[in-house]
>>> print(open('structure_15.txt').read())   # compact mmCIF, C-alpha atoms
# COMPACT_ATOMS: atom_id res chain seq x y z
CA MET A 523 4.46 -31.66 1.47
CA GLU A 524 6.80 -29.20 -0.26
CA ASN A 525 10.44 -30.11 0.25
CA SER A 526 11.24 -26.50 1.05
CA LYS A 527 9.27 -26.98 4.27
CA LEU A 528 11.73 -29.70 5.29
CA SER A 529 14.95 -27.83 4.50
CA THR A 530 16.32 -27.45 8.01
CA VAL A 531 16.85 -29.78 10.97
CA GLU A 532 14.35 -27.67 12.96
CA GLN A 533 11.65 -28.03 10.30
CA ARG A 534 12.21 -31.78 10.10
CA GLU A 535 12.11 -32.04 13.90
CA ALA A 536 8.68 -30.39 13.94
CA PHE A 537 7.56 -32.65 11.07
CA PHE A 538 8.65 -35.88 12.81
CA LEU A 539 7.30 -34.74 16.17
CA ALA A 540 3.87 -34.14 14.61
CA LEU A 541 3.97 -37.58 12.97
CA TYR A 542 4.86 -39.23 16.29
CA LYS A 543 1.92 -37.54 17.99
CA LYS A 544 -0.41 -38.42 15.16
CA ALA A 545 0.42 -42.05 14.45
CA PHE A 546 2.63 -43.59 17.14
CA PRO A 547 -0.13 -44.14 19.76
CA GLY A 548 -2.18 -46.22 17.30
CA PHE A 549 0.83 -48.25 16.26
CA ALA A 550 2.01 -48.76 19.85
CA ARG A 551 -1.48 -50.04 20.76
CA TYR A 552 -1.27 -52.51 17.86
CA VAL A 553 2.20 -53.76 18.87
CA ALA A 554 1.12 -54.11 22.51
CA ARG A 555 -1.90 -56.19 21.43
CA MET A 556 0.41 -58.36 19.35
CA GLY A 557 2.64 -59.00 22.36
CA GLY A 558 5.53 -56.78 21.31
CA SER A 559 7.56 -54.43 23.47
CA LEU A 560 7.73 -50.65 23.59
CA GLU A 561 11.32 -50.80 22.32
CA GLU A 562 10.24 -52.85 19.29
CA ALA A 563 7.44 -50.40 18.57
CA GLN A 564 9.86 -47.48 18.77
CA ASP A 565 12.49 -49.13 16.53
CA ILE A 566 9.95 -50.03 13.88
CA PHE A 567 8.31 -46.63 13.98
CA GLN A 568 11.70 -45.01 13.41
CA ASP A 569 12.17 -47.07 10.24
CA THR A 570 8.61 -46.20 9.24
CA LEU A 571 9.42 -42.50 9.47
CA VAL A 572 12.57 -42.97 7.34
CA ILE A 573 10.48 -44.65 4.63
CA TYR A 574 7.79 -41.98 4.91
CA TYR A 575 10.33 -39.17 4.74
CA GLU A 576 11.86 -40.67 1.58
CA LYS A 577 8.38 -40.88 0.11
CA VAL A 578 7.46 -37.24 0.72
CA ALA A 579 10.93 -35.94 -0.15
CA SER A 580 11.04 -37.94 -3.37
CA ALA A 581 11.39 -36.04 -6.64
CA ARG A 582 8.18 -37.71 -7.79
CA ALA A 583 6.23 -37.45 -4.54
CA GLU A 584 2.57 -38.39 -4.69
CA ILE A 585 -0.09 -36.68 -2.63
CA ILE A 586 -0.88 -38.71 0.49
CA VAL A 587 -4.45 -38.08 1.52
CA ASN A 588 -4.53 -39.82 4.90
CA GLU A 589 -1.12 -39.47 6.50
CA LYS A 590 -1.99 -41.38 9.66
CA ALA A 591 -3.45 -44.38 7.79
CA TYR A 592 -0.47 -44.41 5.44
CA LEU A 593 2.03 -44.42 8.33
CA LEU A 594 0.14 -47.14 10.17
CA GLY A 595 0.07 -49.21 6.98
CA ILE A 596 3.85 -49.04 6.60
CA ALA A 597 4.48 -49.62 10.31
CA LYS A 598 2.20 -52.66 10.50
CA ARG A 599 3.85 -54.27 7.49
CA LEU A 600 7.30 -53.67 8.98
CA TRP A 601 6.06 -55.11 12.27
CA LEU A 602 4.76 -58.24 10.58
CA GLN A 603 8.10 -58.70 8.83
CA HIS A 604 9.92 -58.25 12.11
CA TYR A 605 7.51 -60.54 13.96
CA LYS A 606 7.86 -63.35 11.42
CA ALA A 607 11.63 -63.03 11.29
CA THR A 608 12.07 -63.07 15.05
CA SER A 609 9.46 -65.68 15.95
CA LYS A 610 9.97 -68.30 13.28
CA ASN A 611 13.17 -67.31 11.52
CA GLU A 612 11.30 -67.09 8.26
CA PRO A 613 12.82 -65.18 5.34
CA LEU A 614 12.00 -61.51 4.94
CA ASN A 615 10.83 -61.64 1.35
CA ASP A 616 7.10 -62.06 1.97
CA PHE A 617 6.45 -58.37 1.46
CA ASP A 618 7.36 -55.99 -1.28
CA MET A 619 7.89 -53.15 1.18
CA VAL A 620 11.31 -51.57 1.01
CA VAL A 621 12.90 -52.07 4.39
CA VAL A 622 15.52 -49.63 5.56
CA PRO A 623 18.54 -51.88 5.38
CA ASP A 624 21.51 -52.13 7.67
CA GLU A 625 24.66 -51.03 5.96
CA GLN A 626 27.15 -53.53 4.58
CA PRO A 627 30.62 -53.57 6.13
CA ALA A 628 32.44 -52.35 2.98
CA THR A 629 29.98 -49.50 2.50
CA GLY A 630 30.23 -48.67 6.18
CA LYS A 631 33.99 -48.18 5.90
CA LEU A 632 33.63 -45.91 2.90
CA LEU A 633 30.82 -43.96 4.54
CA HIS A 634 32.92 -43.47 7.63
CA TYR A 635 35.79 -42.21 5.50
CA LEU A 636 33.53 -39.80 3.62
CA GLU A 637 31.92 -38.57 6.83
CA THR A 638 35.29 -37.54 8.19
CA ALA A 639 37.17 -36.54 5.04
CA GLY A 640 34.35 -35.00 3.05
CA LYS A 641 31.52 -34.13 5.39
CA LYS A 642 30.64 -30.82 3.75
CA CYS A 643 30.43 -32.46 0.34
CA MET A 644 28.32 -35.32 1.67
CA GLU A 645 25.92 -32.87 3.32
CA LEU A 646 25.60 -30.90 0.07
CA LEU A 647 25.01 -34.06 -1.97
CA LYS A 648 22.49 -35.33 0.57
CA ALA A 649 20.53 -32.07 0.28
CA TYR A 650 20.34 -32.54 -3.51
CA TYR A 651 19.97 -36.24 -4.04
CA TYR A 652 18.37 -37.54 -0.84
CA ASP A 653 16.36 -34.61 0.52
CA HIS A 654 15.61 -33.31 -3.01
CA LEU A 655 15.63 -29.74 -1.75
CA PRO A 656 15.02 -26.89 -4.20
CA VAL A 657 18.36 -25.57 -5.51
CA GLY A 658 17.71 -22.10 -4.05
CA ASP A 659 17.26 -23.61 -0.58
CA VAL A 660 20.49 -25.58 -0.96
CA ALA A 661 22.36 -22.37 -1.90
CA THR A 662 21.00 -20.56 1.17
CA LEU A 663 21.63 -23.47 3.54
CA PHE A 664 25.25 -23.85 2.45
CA GLY A 665 26.04 -20.15 2.12
CA TYR A 666 26.45 -19.90 -1.65
CA SER A 667 25.73 -16.66 -3.46
CA GLY A 668 23.36 -18.22 -5.97
CA THR A 669 22.07 -21.28 -7.75
CA HIS A 670 24.87 -21.34 -10.31
CA SER A 671 27.68 -21.46 -7.76
CA VAL A 672 25.98 -24.13 -5.66
CA THR A 673 25.33 -26.25 -8.78
CA VAL A 674 29.02 -26.05 -9.71
CA ALA A 675 29.90 -27.04 -6.14
CA LYS A 676 27.52 -29.99 -6.35
CA TYR A 677 29.23 -31.37 -9.45
CA LYS A 678 32.67 -30.87 -7.90
CA CYS A 679 31.55 -32.79 -4.82
CA LEU A 680 30.00 -35.52 -6.93
CA GLU A 681 33.28 -35.85 -8.81
CA LYS A 682 35.28 -35.97 -5.59
CA VAL A 683 33.12 -38.69 -4.06
CA ARG A 684 33.02 -40.66 -7.32
CA GLU A 685 36.81 -40.56 -7.42
CA THR A 686 36.94 -41.87 -3.85
CA VAL A 687 34.52 -44.67 -4.74
CA LYS A 688 36.67 -45.51 -7.74
CA GLN A 689 39.86 -45.59 -5.69
CA LYS A 690 38.30 -47.84 -3.10
CA SER A 691 37.33 -50.14 -6.00
CA LEU A 692 34.19 -51.42 -4.34
CA ASN A 693 31.94 -53.83 -6.08
CA TYR A 694 28.37 -52.76 -6.75
CA ALA A 695 27.26 -55.81 -4.77
CA ASP A 696 28.64 -54.10 -1.68
CA PHE A 697 25.93 -51.51 -1.94
CA ILE A 698 22.32 -51.80 -0.97
CA GLU A 699 19.98 -50.86 -3.80
CA MET B 732 34.28 -31.03 -15.29
CA ASN B 733 34.76 -34.14 -17.45
CA ASN B 734 31.61 -36.26 -17.76
CA ILE B 735 30.03 -35.83 -14.31
CA LYS B 736 27.15 -33.64 -15.44
CA VAL B 737 26.24 -35.62 -18.54
CA ILE B 738 26.23 -38.90 -16.58
CA ASP B 739 24.15 -37.21 -13.88
CA ASP B 740 21.60 -36.11 -16.48
CA TYR B 741 21.62 -39.57 -18.08
CA LEU B 742 21.17 -41.54 -14.85
CA LEU B 743 18.49 -39.22 -13.49
CA GLY B 744 16.55 -39.22 -16.76
CA ASN B 745 17.12 -35.53 -17.51
CA ILE B 746 18.30 -36.08 -21.07
CA ASP B 747 16.64 -35.65 -24.49
CA PRO B 748 15.76 -38.88 -26.32
CA GLY B 749 18.21 -37.99 -29.12
CA ASP B 750 21.06 -37.31 -26.72
CA LYS B 751 20.23 -40.49 -24.83
CA LEU B 752 20.61 -42.51 -28.03
CA LEU B 753 24.00 -40.93 -28.65
CA PHE B 754 25.02 -41.56 -25.06
CA ASP B 755 23.97 -45.22 -25.26
CA ALA B 756 26.12 -45.60 -28.40
CA ASN B 757 29.09 -43.94 -26.68
CA MET B 758 28.71 -46.30 -23.78
CA LEU B 759 29.05 -49.30 -26.09
CA LEU B 760 32.26 -47.93 -27.56
CA ASN B 761 33.88 -46.44 -24.51
CA ASN B 762 34.80 -48.66 -21.57
CA ASP B 763 36.07 -45.74 -19.50
CA LEU B 764 32.66 -44.11 -19.79
CA LYS B 765 31.02 -47.36 -18.73
CA ASP B 766 33.27 -47.51 -15.65
CA ASP B 767 32.51 -43.88 -14.79
CA ILE B 768 28.77 -44.58 -14.98
CA SER B 769 29.16 -47.57 -12.70
CA HIS B 770 31.16 -45.54 -10.16
CA GLN B 771 28.64 -42.73 -10.31
CA GLN B 772 25.80 -45.19 -9.60
CA LYS B 773 27.75 -46.41 -6.58
CA THR B 774 28.19 -42.81 -5.52
CA TYR B 775 24.41 -42.24 -5.55
CA ALA B 776 23.94 -45.41 -3.48
CA ILE B 777 26.48 -44.10 -0.95
CA ILE B 778 24.72 -40.73 -0.79
CA ARG B 779 21.40 -42.51 -0.16
CA GLN B 780 22.89 -44.53 2.69
CA TYR B 781 24.46 -41.42 4.15
CA GLY B 782 21.10 -39.63 3.90
CA ARG B 783 19.31 -42.52 5.61
CA GLN B 784 21.80 -42.59 8.46
CA LYS B 785 21.43 -38.87 9.02
CA ILE B 786 17.64 -38.82 8.88
CA LYS B 787 17.46 -41.82 11.23
CA CYS B 788 19.67 -39.93 13.71
CA GLU B 789 17.28 -36.97 13.52
CA ILE B 790 14.30 -39.27 14.15
CA ILE B 791 16.02 -40.89 17.14
CA ALA B 792 16.69 -37.39 18.51
CA VAL B 793 12.96 -36.62 18.21
CA GLN B 794 12.17 -39.85 20.05
CA GLN B 795 14.57 -38.82 22.84
CA LEU B 796 13.03 -35.36 22.95
CA LEU B 797 9.61 -36.93 23.43
CA ASN B 798 10.92 -39.21 26.17
CA ASN B 799 12.68 -36.47 28.10
CA ALA B 800 10.83 -33.19 27.62
CA PRO B 801 8.36 -32.38 30.44
CA GLN B 802 5.69 -31.12 28.03
CA HIS B 803 5.46 -34.58 26.44
CA ARG B 804 5.36 -36.54 29.70
CA GLY B 805 1.63 -37.28 29.49
CA PHE B 806 1.91 -38.55 25.93
CA VAL B 807 4.86 -40.83 26.78
CA GLN B 808 3.12 -42.14 29.89
CA ARG B 809 -0.03 -43.07 27.94
CA ILE B 810 2.11 -45.04 25.48
CA ALA B 811 4.06 -46.76 28.27
CA ASN B 812 0.78 -47.76 29.96
CA LEU B 813 -0.25 -49.71 26.87
CA PHE B 814 2.65 -52.07 27.49
CA LYS B 815 2.23 -52.36 31.26
CA LYS B 816 -1.17 -53.97 30.79
CA GLN B 817 0.36 -56.99 29.06
>>> encode(input="structure_15.txt", output="structure tokens")
Amino acid sequence: MENSKLSTVEQREAFFLALYKKAFPGFARYVARMGGSLEEAQDIFQDTLVIYYEKVASARAEIIVNEKAYLLGIAKRLWLQHYKATSKNEPLNDFDMVVVPDEQPATGKLLHYLETAGKKCMELLKAYYYDHLPVGDVATLFGYSGTHSVTVAKYKCLEKVRETVKQKSLNYADFIE
Amino acid sequence: MNNIKVIDDYLLGNIDPGDKLLFDANMLLNNDLKDDISHQQKTYAIIRQYGRQKIKCEIIAVQQLLNNAPQHRGFVQRIANLFKKQ
């Protein structure tokens, strides 16, 4: 999957919709057989799609041959983690799968601040560092005249957010790696 | 733009081996640089969390679209039936 095909909200909507159609029925059947609820299946499948999106958007994305099998693999592992944690209160460290974590309170406060005070910058930085979009796409999406001006804007935003992080003096332990 | 770009290149691995060596040496001698690197790492972590929140919201919106749009009613009903048989 080329990242340029996932540049806009509309493209990502079509991407996620296709993944739901392709893999959710199989996963829902599995959860139902295991005694879980529809809500649990939906919650876990949402986290599965976040993990899958990060995988395909990654700067070093590998080619995934069987998308459906890959999604089911992630979803089943997340389900087993969830099942163990909720049924026996066992720790979550049995699997090496990266779970999409809940935010920590300190990070949540800072995120909230940045969402309101610096939303445009956060959106620009997300496009670069999280979505890994091609620089030309980022320029078009954010209305810059070219790659040079959007790159300068990126560094200015990075500096602004770094300064905010510095001022808030958060410890690295407050952040989820 | 002070050291933002050079730290960005360093942390993302976009730096020549020779420049990396020089940067590592600077880091040992310069506590301010070390602090800036630490804050920049935190900044990337914040951006990742922001990205995750946003993408999760988009996924939830797709889930709601599936649940509510008439053209997906058959699909949603088939899924719901799996759980009624329990």
>>> atom_distance(input="structure_15.txt", atom1="CA of Pro547 in chain A", atom2="CA of Glu535 in chain A")
18.2 Å
>>> closest_residue(input="structure_15.txt", among="B:Tyr781, B:Asn798, B:His770, B:Ile790", to="Ala811 in chain B", atoms="all atoms listed in the file")
B:Asn798
>>> residues_around(input="structure_15.txt", residues="range 661-678 of chain A", least_positions_apart="6", cutoff="12 Å", atoms="all atoms listed in the file", output="JSON, numbers by chain")
{"A": [526, 528, 529, 530, 531, 640, 642, 643, 644, 645, 646, 647, 648, 649, 650, 651, 655, 684, 685], "B": [732, 733, 734, 735, 736, 737, 738, 739, 740, 771]}
>>> residues_around(input="structure_15.txt", residues="Ala536 in chain A", least_positions_apart="2", cutoff="12 Å", atoms="only C-alpha atoms", output="list in words")
Lys527, Leu528, Ser529, Thr530, Val531, Glu532, Gln533, Arg534, Phe538, Leu539, Ala540, Leu541, Tyr542 and Lys543 of chain A; Glu789, Ile790, Ala792, Val793, Gln794, Leu796 and Leu797 of chain B
>>> closest_residue(input="structure_15.txt", among="A:Glu584, A:Asp659, A:Asp653, A:Glu562", to="chain B", atoms="all atoms listed in the file")
A:Asp653
>>> atom_distance(input="structure_15.txt", atom1="CA of Tyr741 in chain B", atom2="CA of Pro656 in chain A")
19.9 Å
>>> residues_around(input="structure_15.txt", residues="Gly558 in chain A", least_positions_apart="5", cutoff="10 Å", atoms="all atoms listed in the file", output="list in words")
Ala550, Arg551, Tyr552, Val553, Ala563, Trp601 and Tyr605 of chain A; Phe814 and Gln817 of chain B
>>> closest_residue(input="structure_15.txt", among="A:Ile585, A:Val660, A:Leu571, A:Leu602", to="chain B", atoms="all atoms listed in the file")
A:Leu571
>>> atom_distance(input="structure_15.txt", atom1="CA of Asn745 in chain B", atom2="CA of Ala581 in chain A")
12.3 Å
>>> decode(input="structure_15.txt", residues="chain B", atoms="C-alpha atoms", output="CSV table (one decimal), in the first residue's frame")
chain,number,residue,atom,x,y,z
B,732,MET,CA,16.2,27.1,13.2
B,733,ASN,CA,18.6,26.1,16.0
B,734,ASN,CA,19.2,22.3,16.2
B,735,ILE,CA,15.7,21.0,15.3
B,736,LYS,CA,16.7,19.6,11.9
B,737,VAL,CA,20.0,18.0,12.9
B,738,ILE,CA,18.3,16.3,15.9
B,739,ASP,CA,15.5,15.2,13.6
B,740,ASP,CA,18.0,13.7,11.2
B,741,TYR,CA,19.9,12.0,14.0
B,742,LEU,CA,16.9,10.5,15.7
B,743,LEU,CA,15.4,9.2,12.5
B,744,GLY,CA,18.7,7.7,11.3
B,745,ASN,CA,19.1,10.1,8.3
B,746,ILE,CA,22.6,11.1,9.2
B,747,ASP,CA,26.0,10.1,7.7
B,748,PRO,CA,28.2,7.8,9.9
B,749,GLY,CA,30.8,10.5,10.2
B,750,ASP,CA,28.3,13.2,11.2
B,751,LYS,CA,26.8,10.8,13.7
B,752,LEU,CA,30.1,10.3,15.4
B,753,LEU,CA,30.5,14.0,15.7
B,754,PHE,CA,27.0,14.4,17.0
B,755,ASP,CA,27.6,11.7,19.6
B,756,ALA,CA,30.7,13.5,20.8
B,757,ASN,CA,28.8,16.8,21.0
B,758,MET,CA,26.1,15.2,23.0
B,759,LEU,CA,28.7,14.1,25.6
B,760,LEU,CA,30.0,17.6,25.9
B,761,ASN,CA,26.8,19.6,25.7
B,762,ASN,CA,24.0,19.1,28.3
B,763,ASP,CA,21.7,21.5,26.5
B,764,LEU,CA,21.9,19.4,23.4
B,765,LYS,CA,21.1,16.3,25.4
B,766,ASP,CA,18.1,18.0,26.9
B,767,ASP,CA,16.9,19.1,23.5
B,768,ILE,CA,17.2,15.5,22.2
B,769,SER,CA,15.2,14.3,25.1
B,770,HIS,CA,12.4,16.9,24.5
B,771,GLN,CA,12.4,16.1,20.8
B,772,GLN,CA,11.9,12.4,21.6
B,773,LYS,CA,9.0,13.3,23.8
B,774,THR,CA,7.6,15.4,21.0
B,775,TYR,CA,7.7,12.4,18.6
B,776,ALA,CA,5.9,10.3,21.3
B,777,ILE,CA,3.2,13.0,21.6
B,778,ILE,CA,2.8,13.1,17.8
B,779,ARG,CA,2.4,9.3,17.7
B,780,GLN,CA,-0.3,9.5,20.4
B,781,TYR,CA,-2.1,12.3,18.6
B,782,GLY,CA,-1.9,10.3,15.4
B,783,ARG,CA,-3.4,7.2,17.1
B,784,GLN,CA,-6.2,9.2,18.6
B,785,LYS,CA,-7.1,10.7,15.3
B,786,ILE,CA,-6.9,7.4,13.3
B,787,LYS,CA,-9.0,5.6,16.0
B,788,CYS,CA,-11.7,8.3,15.6
B,789,GLU,CA,-11.7,7.7,11.9
B,790,ILE,CA,-12.1,4.0,12.4
B,791,ILE,CA,-14.9,4.5,14.9
B,792,ALA,CA,-16.6,6.7,12.3
B,793,VAL,CA,-16.3,3.9,9.7
B,794,GLN,CA,-17.9,1.5,12.3
B,795,GLN,CA,-20.8,3.9,12.8
B,796,LEU,CA,-21.2,4.3,9.0
B,797,LEU,CA,-21.5,0.6,8.7
B,798,ASN,CA,-24.0,0.4,11.5
B,799,ASN,CA,-26.2,3.2,10.2
B,800,ALA,CA,-26.0,3.2,6.4
B,801,PRO,CA,-28.8,1.3,4.6
B,802,GLN,CA,-26.5,-0.2,2.0
B,803,HIS,CA,-24.6,-2.0,4.8
B,804,ARG,CA,-27.7,-3.3,6.7
B,805,GLY,CA,-27.4,-6.9,5.4
B,806,PHE,CA,-23.7,-7.1,6.4
B,807,VAL,CA,-24.4,-5.7,9.9
B,808,GLN,CA,-27.3,-8.0,10.4
B,809,ARG,CA,-25.3,-11.1,9.5
B,810,ILE,CA,-22.7,-10.1,12.1
B,811,ALA,CA,-25.3,-9.4,14.7
B,812,ASN,CA,-26.9,-12.9,14.1
B,813,LEU,CA,-23.6,-14.5,15.0
B,814,PHE,CA,-24.0,-13.2,18.5
B,815,LYS,CA,-27.8,-14.0,18.8
B,816,LYS,CA,-27.1,-17.7,18.5
B,817,GLN,CA,-25.1,-17.8,21.7
